[in-house]
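Q: This is the structure I want to talk about, given as structure tokens.
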Amino acid sequence: MRTGAEIVWACLRAEGVDTVFGYPGGAVIPLYDALHSSGIRHILTRHEQGAIFAAGGYARSTGKVGVAIATSGPGATNLVTGIADAKMDSVPLVCITGQVRTSLIGTDAFQETDVFGMTLPLTKWNRLVVSTEEIPEVVAEGFHIARSGRPGPVLLDFPVDLLKGKADVRIPVTHRPKLGPRWPNSAKADFPAPALRSLLLSSAKPTALVGAGVKLAGAHLALQRLLDDLQVPTGATLHGLGAVPEEKPYFLGLVGMHGSHAANVALNEADLLLVFGARLDDRVTGDPSKFAPGARIVHLEIDRSQMHRVRSYELPIVGNLADTIPQFHEAIADLRLPDWSEWKKTIAELRSGERNGSGRALPALHLFDELYALLPENAIVVVDVGQHQMWAAQRYRAHSPRGFITSGGLGAMGFALPGAIGVQLARPDARVVCISGDGGIQMNIQELATIRRYGLAIKVLILDNKFLGMVRQWQQLFYSRNYAETDLSDNPDFVTLAAAYGIRGRRIGVDPAQANGLPADTPDVLKRFLDSPDPELLVFECPREANVFPMVPSGAAISEMLLEEN
Amino acid sequence: MQEANTARYQFQLAYYNRQGTLMRILGIVTRRGLDLPYVHAEPCGDVHKVTVRVAVNPKQLGQLCREWSVTPDVVEIGEPIQVIGTWNAFQRARSRVSAKMRRLAKGESPRQPRRSALARLFAFVPSR
């Protein structure tokens, strides 16, 4: 006979879990009481949101299921933003929450909250566990759902009396419970090769768009082989960055709201759009009714619910991209493709003619160029949300498919610092750089203590413009410079703050005398920052009113880009 | 007040009646700000079926079906049927939906939607 808590740990071990992130509380004390004999490493963060973002970073950098633990009530509610983030970005997570004892459920007991009901629309699946005996089956089902098909978050809510109760159970479970949905199995015989060939043969301006689905399926190499043969202009979504190396001549960089001019023109003027594992959300399409108006769309995607978001597609192909991309390649293997040289030349000229940044943002852009040039092959950058996120994405040079990690769909400020903790723990060999703004860093700055506690050599780069920069940019451009409540000029001294957490920090600013706007010793400063075996913090005092360009105004077509200020 | 570009539809879904499944099915409707004038759920053999009537525009019609189709424990989605008349006047249509539900009631194994009129809503679905 084992206690429910011991059963939970044994189930986690059976699922291959080696690390969990959490924060104890009354309803999960039995779980923590049994932790010491579990053989699983527990990482104590300083806030439940830190725990779930760290679990998200762990999952995003490895593809494995991340696990976060919190107590009932406020512990559980503090997980909610991280759950929504994981749902939007297809991150496999299993969240374990404590619940008040069964007899108290529904009585508004101390630290009781209906986290099951609260997370119904945010999770792929959730469950309030009702008996100690069912724990093995529920955990197995939760992990299966979290990692199958399009990955996502699962929440399992354990009343404290069930964690203390005892049962004689078999682990691992020997059967899989009946489940829906059944994800498509991408049978080769059903691949619509004739229709695809016909669309390719009749196109004059084909363009490819790469999204996160390619990386989630581990299909980036298969895609590169396909695109090497097609040689069509190719852009990437924020989460697609890294799937196609920067040096590929057909690669145009980021698409969408702050994408490259060439990439957005290629998308907008295409007569055939090949979409690989991207949702075509509004940050990519701009006004959906004006998106790629002349294009027929071939959409390869595992999640049926993401089809036809913009309009009804000519050729939706639902399946695992690890299957459907090779099937695509095989379907066109003997095809004599049309001559697309004029189209490719037009887009290549646009790409080569793009300005290398302009205005007040130049020093920040050059800082990213210097940083990326110094990063080793195994580097992973974990980026927060805001202007720095877009600059970091615009200048990103792919090092690996999972080398650029950020909260894209939900856009959750405060993700980067705890996210980097999860990444560093999952990938101790990798150089992990957390890039954040002065707003975002303060949303989870308490996790500097976690970095210190576990001696993680994470490099934290803060772009400090003493504004909520992206909101301020919109206020400047679209709200007559009414900078309502976005001024953060009373920010704390981040270097002193880092010192209080036992982390060394330093500060650099701009140098107008230099062509790139950066102090002459910036490369040396960055090298020391990156090479140190300890955690380091570097504050870059960014020009206050620097803006991100190009920019597609909200609700405009992606062809209506503002290329630069004025 | 029904919006101009909407039409009233009846949907029927079969699902495993486990915690939260019905709420997930209905949540996919309510997250779009749509009213639920008619919902009826009942056992149907080894599974349950729910009948939902709702006014949707053509875009929402496809969205609902596609989202339901990837909801855990939803095992069958019948073809939507347009509701003519008042919400209450539409009674137990003899349709392919009912046929599917009767099959499920007999204990036959549920299956995912295959190539059919539903294909226009679900996109290409490889056979299994």
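Residue names in the structure tokens use chain letters A, B, ... in the order shown, residue numbers from 1 in each chain, and ligand numbers from 1 in the order shown.
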Extract, using only C-alpha atoms, all DNA, RNA and protein residues at most 9 Å from Leu226 in chain A, discarding same-chain residues fewer than 6 positions from it, and format them as a compact mmCIF listing (two decimals) with N, CA and C atoms, in the first residue's frame.
A:
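This went into result.txt:
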# COMPACT_ATOMS: atom_id res chain seq x y z
N ILE A 325 5.35 16.47 -44.41
CA ILE A 325 6.39 17.17 -45.17
C ILE A 325 7.16 16.20 -46.07
N PRO A 326 7.60 15.05 -45.56
CA PRO A 326 8.22 14.08 -46.49
C PRO A 326 7.26 13.62 -47.60
N PHE A 328 4.95 15.45 -48.92
CA PHE A 328 4.96 16.61 -49.84
C PHE A 328 6.17 16.49 -50.76
N HIS A 329 7.32 16.23 -50.15
CA HIS A 329 8.57 16.17 -50.93
C HIS A 329 8.51 15.04 -51.95
Q: Show me, as a list in words, the residues that have an atom within 6 Å of Val210 in chain A when counting only C-alpha atoms, minus same-chain residues fewer than 6 positions from it.
A: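 My list of contacting residues is Ala236, Gly240 and Phe276 of chain A.
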Q: Grab the residues selected above and save them as a short mmCIF file (atom, residue, chain, number, x, y, z; two decimals), in the first residue's frame with C-alpha atoms.
A:
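The resulting file, part27.cif, is reproduced below:
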data_model
loop_
_atom_site.label_atom_id
_atom_site.label_comp_id
_atom_site.auth_asym_id
_atom_site.auth_seq_id
_atom_site.Cartn_x
_atom_site.Cartn_y
_atom_site.Cartn_z
CA ALA A 236 9.03 32.45 -40.50
CA GLY A 240 9.14 29.39 -36.53
CA PHE A 276 3.96 24.68 -42.67
#
Q: List the spatial neighbours of Pro74 in chain A as a list in words - criterion: any atom at most 10 Å away, only C-alpha atoms, same-chain residues fewer than 6 positions off excluded.
A: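 Neighbouring residues, sequence-local ones excluded: Gly25, Glu48, Gln111, Glu112, Thr113 and Val115 of chain A.
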Q: Return the single residue from A:Ile508, A:Ala243, A:Val139, A:Ile145 that is closest to chain B, with distances computed using only C-alpha atoms.
A: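 Smallest distance to chain B is found for A:Ile145.
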Q: Mind checking which residues fall within 9 Å of Ser61 in chain A, counting only C-alpha atoms, ignoring those fewer than 4 positions away in the same chain, and posting them as a compact mmCIF listing (two decimals) with N, CA and C atoms, in the first residue's frame?
A:
# COMPACT_ATOMS: atom_id res chain seq x y z
N GLY A 56 7.54 25.64 -18.39
CA GLY A 56 7.34 25.91 -19.81
C GLY A 56 8.67 26.03 -20.55
N GLY A 57 9.63 26.70 -19.95
CA GLY A 57 10.96 26.81 -20.57
C GLY A 57 11.60 25.44 -20.71
N ILE A 380 20.88 29.34 -26.28
CA ILE A 380 19.42 29.49 -26.33
C ILE A 380 19.09 30.86 -25.75
N ARG A 402 15.46 24.99 -31.50
CA ARG A 402 14.86 25.42 -30.24
C ARG A 402 15.71 26.49 -29.55
N GLY A 403 16.37 27.30 -30.34
CA GLY A 403 17.30 28.28 -29.79
C GLY A 403 16.67 29.63 -29.48
N PHE A 404 15.44 29.85 -29.92
CA PHE A 404 14.76 31.13 -29.67
C PHE A 404 13.44 30.83 -28.99
N ILE A 405 13.34 31.19 -27.72
CA ILE A 405 12.16 30.82 -26.92
C ILE A 405 11.52 32.08 -26.38
N GLY A 422 14.12 27.30 -16.42
CA GLY A 422 13.72 25.98 -16.90
C GLY A 422 14.61 25.50 -18.03
N VAL A 423 14.95 26.42 -18.93
CA VAL A 423 15.81 26.05 -20.06
C VAL A 423 17.19 25.63 -19.56
N GLN A 424 17.75 26.40 -18.64
CA GLN A 424 19.11 26.10 -18.17
C GLN A 424 19.15 24.76 -17.42
N ALA A 426 17.14 22.25 -17.98
CA ALA A 426 16.95 21.18 -18.97
C ALA A 426 18.19 20.99 -19.82
N ARG A 427 18.88 22.09 -20.07
CA ARG A 427 20.03 22.05 -20.98
C ARG A 427 21.24 22.67 -20.28
Q: I'd like the contact shell of Met470 in chain A - 9 Å cut-off, only C-alpha atoms, skipping same-chain residues fewer than 3 positions apart - returned as a ChimeraX atom specification.
A: /A:385-388,467,473-475,547-548
Q: So that I can check the surroundings of Gln63 in chain B, please list as a PyMOL selection string every protein, DNA and RNA residue that reaches within 8 Å of it, counting only C-alpha atoms and ignoring chain neighbours fewer than 4 positions away.
A: (chain A and resi 305) or (chain B and resi 59+67)
Q: Write the residues of the selection above to a file with C-alpha atoms, as a PDB file, in the first residue's frame.
A:
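File written: selection02.pdb
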ATOM      1  CA  SER A 305      -9.206  23.467 -35.371  1.00  0.00           C
TER       2      SER A 305
ATOM      3  CA  LYS B  59     -17.321  31.350 -40.207  1.00  0.00           C
ATOM      4  CA  GLU B  67     -12.879  22.978 -32.285  1.00  0.00           C
TER       5      GLU B  67
END
Q: Would you return as number ranges by chain the members of range 8-61 of chain B that DSSP assigns to helix (DSSP H, G or I) on this structure's backbone?
A: B: 21-30, 58-61
Q: Do a neighbour search on Ala51 in chain A at 9 Å with only C-alpha atoms, toss out local chain neighbours closer than 3 positions, and write the hits as a ChimeraX atom specification.
A: /A:20-23,43-48,54-56,67-70,79,82,418-419,422
Q: Taking C-alpha atoms for each residue, export the selection above as a tab-separated table (two decimals), in the first residue's frame.
A:
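Resulting contents of part01.tsv:
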chain	number	residue	atom	x	y	z
A	20	VAL	CA	9.58	19.45	-11.44
A	21	PHE	CA	9.05	23.11	-10.57
A	22	GLY	CA	6.90	24.13	-7.67
A	23	TYR	CA	5.99	26.03	-4.57
A	43	ILE	CA	13.13	23.27	-8.16
A	44	LEU	CA	11.75	25.77	-5.70
A	45	THR	CA	10.82	29.01	-7.41
A	46	ARG	CA	9.74	32.12	-5.51
A	47	HIS	CA	6.28	32.37	-7.07
A	48	GLU	CA	3.96	29.84	-8.67
A	54	ALA	CA	10.13	27.58	-15.73
A	55	ALA	CA	8.32	24.33	-16.50
A	56	GLY	CA	7.34	25.91	-19.81
A	67	VAL	CA	5.68	19.68	-14.60
A	68	ALA	CA	4.60	22.47	-12.23
A	69	ILE	CA	3.23	22.02	-8.71
A	70	ALA	CA	1.21	24.47	-6.64
A	79	LEU	CA	-0.60	29.09	-12.41
A	82	GLY	CA	1.30	30.05	-17.44
A	418	PRO	CA	11.74	31.97	-15.05
A	419	GLY	CA	11.59	30.52	-18.56
A	422	GLY	CA	13.72	25.98	-16.90
Q: Counting only C-alpha atoms, figure out which residue out of B:Thr6, B:Gln60, B:His48, B:Val54 gets nearest to Glu76 in chain B.
A: B:His48
Q: Using only C-alpha atoms for the distances, tell me which of B:Leu34, B:Val47, B:Arg53, B:Gly20 is nearest to Thr86 in chain B.
A: B:Arg53
Q: A:Glu133, A:Asp323, A:Asp287, A:Asp85: which is nearest chain B, counting only C-alpha atoms?
A: A:Asp323
Q: Which of these, B:Val75, B:Gln12, B:Trp87, B:Leu64, has the shortest distance to Arg32 in chain B once you count only C-alpha atoms?
A: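 Closest to Arg32 in chain B of all the choices is B:Leu64.
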Q: Go through A:Thr207, A:Thr132, A:Thr496, A:Asn482 one by one, measure the shortest atom-to-atom distance of each to Ala295 in chain A using only C-alpha atoms, and give the residue with the smallest value.
A: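 Among the listed residues, A:Thr207 lies closest to Ala295 in chain A.
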Q: Please extract the residues of range 467-562 of chain A with a backbone DSSP assignment of strand (DSSP E) and present them as a ChimeraX atom specification.
A: /A:504-508,536-541
Q: Keeping only N, CA and C atoms, write those residues as a CSV table (one decimal), in the first residue's frame.
A:
chain,number,residue,atom,x,y,z
A,504,ARG,N,26.2,39.4,-9.9
A,504,ARG,CA,27.0,40.6,-10.4
A,504,ARG,C,26.3,41.2,-11.6
A,505,GLY,N,26.3,42.5,-11.6
A,505,GLY,CA,25.7,43.2,-12.7
A,505,GLY,C,26.5,44.4,-13.1
A,506,ARG,N,26.3,44.9,-14.3
A,506,ARG,CA,26.9,46.1,-14.8
A,506,ARG,C,26.0,46.8,-15.8
A,507,ARG,N,26.3,48.0,-16.2
A,507,ARG,CA,25.4,48.8,-17.0
A,507,ARG,C,26.2,49.4,-18.1
A,508,ILE,N,25.6,49.4,-19.3
A,508,ILE,CA,26.2,50.1,-20.4
A,508,ILE,C,25.1,51.0,-21.0
A,536,GLU,N,25.1,36.4,-14.5
A,536,GLU,CA,25.4,37.8,-14.7
A,536,GLU,C,24.2,38.6,-15.1
A,537,LEU,N,24.2,39.9,-14.8
A,537,LEU,CA,23.2,40.8,-15.3
A,537,LEU,C,23.8,42.0,-16.0
A,538,LEU,N,23.3,42.3,-17.1
A,538,LEU,CA,23.8,43.4,-17.9
A,538,LEU,C,22.6,44.3,-18.3
A,539,VAL,N,22.7,45.6,-17.9
A,539,VAL,CA,21.6,46.5,-18.2
A,539,VAL,C,22.1,47.4,-19.3
A,540,PHE,N,21.3,47.4,-20.4
A,540,PHE,CA,21.6,48.3,-21.5
A,540,PHE,C,20.6,49.5,-21.4
A,541,GLU,N,21.1,50.7,-21.2
A,541,GLU,CA,20.2,51.8,-21.1
A,541,GLU,C,19.8,52.3,-22.5
Q: Can you tell me how far CA of Glu447 in chain A sits from CA of Asp490 in chain A, in Å to one decimal?
A: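 These two atoms are separated by 21.2 Å.
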Q: Report the distance between CA of Glu342 in chain A and CA of His220 in chain A in Å, rounded to one decimal place.
A: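 Rounded to one decimal, the two atoms are 27.1 Å apart.
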Q: Would you mind reading off the distance between CA of Phe549 in chain A and CA of Glu564 in chain A, one decimal, in Å?
A: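 Interatomic distance, CA of Phe549 in chain A to CA of Glu564 in chain A: 5.4 Å.
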